[in-house]
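A.B. asks: Take this structure, written in structure tokens, and hold onto it; I'll ask about it next.
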Amino acid sequence: MPTTDSPTGLDPALAAQRLREEGPNELGISQRRTLRDMAWDVVTEPMFLLLLGAGAIYLAMGDAHEAMILLGFVVIIMAITVLQERRTDNALNALRDLSSPRALALRGGTMVRIAGRDVVREDLLMIAEGDRIPADGTLLQAHELATNESMLTGESEPVAKQMTDKVFAGTLVVSGQGQLLVAAVGRHTELGRIGQSLDTIALQASPLREEMARLTHRLVLIGLSLCALLVALLWALRGDGLQAVLAGITLAMGVLPQELPVIMIVFLALAARRLAAQQVLTRRLNAIETLGQTTVLCVDKTGTLTQNRMAVAALCIAGEELDVRDLPAKVAKTGGTALPESFHELLEYAVLASEIEPHDPMEQAFHRMAADHLVGTDHLHPAWSLAREYELSPQLLAMSHLWRDGTSAHDTVATKGAPEAVADLCHLPEAERAAVSAQAARLADRGLRVLGVAKARHRAQDTWPDIQHDFELEWLGLVALADPLRPEVPQAIAQCRQAGIRVVMITGDHPRTARAIAAQAGIAHDSVVTGDELAGLPPEVLADKVRQVSVFARIKPHQKLALVEALKAQGEVVAMTGDGVNDAPALKAAHIGIAMGQRGTDVAREAAALVLLHDDFAAIVQAIHRGRQTFANLRQAMVYTLAVHIPIVGLAVMPVLFGLPLVLAPLHIAFLELVIDPACSIVFEAEEGARNLMDQPPRKMDEPLLSRRHILLSLVQGSAVTIAVVGLYAWLLGNAAHAGVASTAAFVVLVTANAALILPSRSNQTRWRSLGTGLTPVSLWVLGGTLAALTAITTVPWLAEPFKFSPLSPMQWLAASAAGLALMVVFMANQRWFVTLQRQRKHIDMARH
């Protein structure tokens, strides 16, 4: 078992064996849907019930052969639906696994980052501020550690933890860090015993879902009304009750919009999967639809715009500045250091004011430099023990460590923090403060992050001051660190500007550092507002500031939330990045919270809608593009879906009105469903979309998925197909054509016209030469498969017989296909009219604004 004396952690092989034997660290409450659950959902769908009803009527009419064939189609549709559901569910399950808490475990002497579900008994875990504890255990080490156990106790106050104390799965580390020996996992934890679930990812209510529900409800009402009318009319005119009910079922199958909610869920789930491939995890599917509406992107500086690879760039003592970036770590001849002795103490106390095993990039930079320049000197103190820590707080941007060497009568205090805060702790005279401020400003103007360092001696005793101000601190100097801008940031921010998205930097850094980085990144930096300036501003003044200013510096965590709320109050759609515990309220308040996956805390990840698995700013822009593309493709799919249902309604109703033989039976609708669903769910989702998506302004919040113009376009396109199909059918019957030949030709025209409609519907194409460009392999497979299946059921006798089709001659089949394809002229004319109407509408809107 690991001990504090020689912690090497579990052997990886033993950990793997224990995971197999005892199972994953899960609560045993499965949220994954089984195949049986999916099959039951399909069985209870209206389409399935209608198909079964049609089969029962065929049996009642004595047509067992027709009933069995229809049952075969039922099985095919059910299998395709279940496979599609399975694919969507697998995508969501993969995302849920990625979004579960992570753990930093010591295994075989090596620190590894593992999924929370892979933690096993006797694992040795490192926990730090912002982590969600993955298992119950005992603390082997604790440094200013406190946890929030409200999930178990209902008490929101943090609970201070000491070495040997128990900590529990599901609780949050709100401060400090520690080392944990796991005692219980999964159902054996306190949380597991009370049966709570930590991780739920579900498609929550959203404007898009609500709009889809309203549209579906209206179409259902229209469809049921039409069905009842058709049954009554057909029964009254022809007196055949079973035939009338069968025709009503056929119409219901063609009208009921069961595809609409399925298409939406498939689009969002597959978009989330595509984002995951781009290293962006979607924790809430609603965020995908909101991405395209983003008008303001609020970003942190460190780690988001910059590389978060801190390196000490300069040391300053009493006005003397030393650039250390090109300083060799060792002098070749003597083996000593090239760092002048006068700067050793400044670096020494910067290290003493840092954690012993730091996670913060700045503190890691101090330790690296000390390893290069202070080894072999008296300025490193591995034997000293850390007796007391004074944490950084929003009220005082400085932290102190009190060290004890065990022999001296005095303890050593090391302090580091914002230059103005440390200068205040040192009670520097005004002249010295001004000099320090001027020096810090010059360094910050170069884009460097600047910290002040101080020291003190305190008489060794069992009690210490409660606050840092009670120490008699002595100013040592300034340390400046460089954090280079990410190379992709300027281009990504330029893309945001082009897309009508304003980028706002919100950072805790010095105003001059923030201005310098903003200038390098391409963010508007004419004005920089600090947290002190924001404090106490009346709402109307604050609103004016957030409207005009794009760089906010020295911002405290609670002020991030105020800025997000002020932007939202102005009607902006806000995306916000964050990584810390204190960022969680702002991430949750923003329309789209974006957490940093590598350096972010579990608290931030759980509050966010998106998680960047690699802290890459360009990934945010890619996610916004994906959101716009998904919405555009979903809209095109919905326009197409409505359009292709209209001729189905026409072929079901118009023959009754004109006293003609019925064309469509439930079997025909089942075949059409096999064409429509792949076309909508697969073809349109896979489309790359318009090239100028990121050249357009963000979509308005109140913009519906289907406006009246889109519905009108669907009606016009569908009506054109209806007129052509019904007109051809009536003309053939009027010219003494056999009813089977006429219905076959009409069906060929219907299917080929629906297939042809896919081409202009993929995007707002108005040029003929653009129709075939950009076709994805999926589109080609669906189109080819549709035409091949159509050819088979209309030309092969044993396949045509169940459909009551009369095989067409090659010339008849080609003529019918050509008639369907000829409707492309009408489709293109309608598309051109629609795009022109859209452009005119945009010009009117721009003129109004």
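Each chain in the structure tokens gets a letter, A, B and so on, in the order shown; residues start at 1 in every chain, and ligands are counted from 1 in the order they appear.
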Report the closest atom pair, with its distance in Å rounded to one decimal, for each residue of segment 299-355 of chain A that has an atom no farther than 10 Å from segment 437-441 of chain A; count only C-alpha atoms, sort by chain and then rising residue number, and write it as a tab-separated table.
C.D. replies:
```
residue	atom	partner	partner_atom	distance
A:Cys316	CA	A:Gln439	CA	8.3
A:Ala318	CA	A:Gln439	CA	9.7
A:Gly319	CA	A:Gln439	CA	7.2
A:Glu320	CA	A:Gln439	CA	9.5
A:Glu321	CA	A:Gln439	CA	9.1
```
A.B. asks: I'd like the contact shell of segment 358-361 of chain A - 8 Å cut-off, only C-alpha atoms, skipping same-chain residues fewer than 6 positions apart - returned as a list of chain:residue names.
C.D. replies: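 Contacts, with the query itself left out: A:Asn308, A:Arg309, A:Met310.
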A.B. asks: What parts of segment 262-483 of chain A does DSSP call alpha helix (DSSP H)? I'd like the answer as a ChimeraX atom specification.
C.D. replies: /A:262-277,286-291,344-352,361-373,419-425,430-444
A.B. asks: Might you pull out every residue within 7 Å of Leu612 of chain A, with only C-alpha atoms counted and same-chain residues fewer than 6 positions away left off, and present them as a list in words?
C.D. replies: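 Answer for this query is Gln279, Val280, Leu281, Ala595, Met596 and Gly597 of chain A.
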A.B. asks: Could you please take those selected residues and save all heavy atoms as a short mmCIF file (atom, residue, chain, number, x, y, z; two decimals), in the first residue's frame?
C.D. replies:
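The new file part03.cif reads:
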```cif
data_model
loop_
_atom_site.label_atom_id
_atom_site.label_comp_id
_atom_site.auth_asym_id
_atom_site.auth_seq_id
_atom_site.Cartn_x
_atom_site.Cartn_y
_atom_site.Cartn_z
N GLN A 279 -11.54 18.32 -31.14
CA GLN A 279 -11.08 18.54 -29.76
C GLN A 279 -11.95 19.54 -29.01
O GLN A 279 -11.46 20.26 -28.16
CB GLN A 279 -9.60 18.97 -29.73
CG GLN A 279 -8.65 18.01 -30.43
CD GLN A 279 -8.71 16.61 -29.85
OE1 GLN A 279 -8.60 16.42 -28.65
NE2 GLN A 279 -8.92 15.62 -30.71
N VAL A 280 -13.23 19.59 -29.36
CA VAL A 280 -14.19 20.42 -28.62
C VAL A 280 -15.31 19.50 -28.13
O VAL A 280 -16.05 18.95 -28.94
CB VAL A 280 -14.77 21.55 -29.49
CG1 VAL A 280 -15.77 22.38 -28.68
CG2 VAL A 280 -13.67 22.43 -30.04
N LEU A 281 -15.41 19.35 -26.82
CA LEU A 281 -16.41 18.48 -26.23
C LEU A 281 -17.68 19.26 -25.96
O LEU A 281 -17.65 20.33 -25.34
CB LEU A 281 -15.87 17.89 -24.91
CG LEU A 281 -16.88 17.16 -24.02
CD1 LEU A 281 -17.40 15.92 -24.73
CD2 LEU A 281 -16.24 16.79 -22.70
N ALA A 595 -15.06 25.89 -21.25
CA ALA A 595 -14.03 25.59 -20.26
C ALA A 595 -12.78 25.06 -20.94
O ALA A 595 -12.84 24.41 -21.98
CB ALA A 595 -14.54 24.56 -19.25
N MET A 596 -11.64 25.36 -20.32
CA MET A 596 -10.37 24.87 -20.82
C MET A 596 -10.16 23.44 -20.29
O MET A 596 -10.17 23.22 -19.08
CB MET A 596 -9.22 25.76 -20.34
CG MET A 596 -9.36 27.22 -20.77
SD MET A 596 -9.23 27.41 -22.56
CE MET A 596 -10.86 28.05 -22.91
N GLY A 597 -9.99 22.50 -21.19
CA GLY A 597 -9.93 21.11 -20.77
C GLY A 597 -8.62 20.72 -20.13
O GLY A 597 -8.60 19.92 -19.19
#
```
A.B. asks: Which one is closest to Val716 of chain A: A:Ala387, A:Leu651, A:Val826, A:Ala637? Count only C-alpha atoms.
C.D. replies: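 Comparing A:Ala387, A:Leu651, A:Val826, A:Ala637 against Val716 of chain A, the winner is A:Val826.
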A.B. asks: With distances taken over only C-alpha atoms, which of A:Lys161, A:Arg691, A:Arg404, A:Lys545 is nearest to Gln629 of chain A?
C.D. replies: A:Arg691
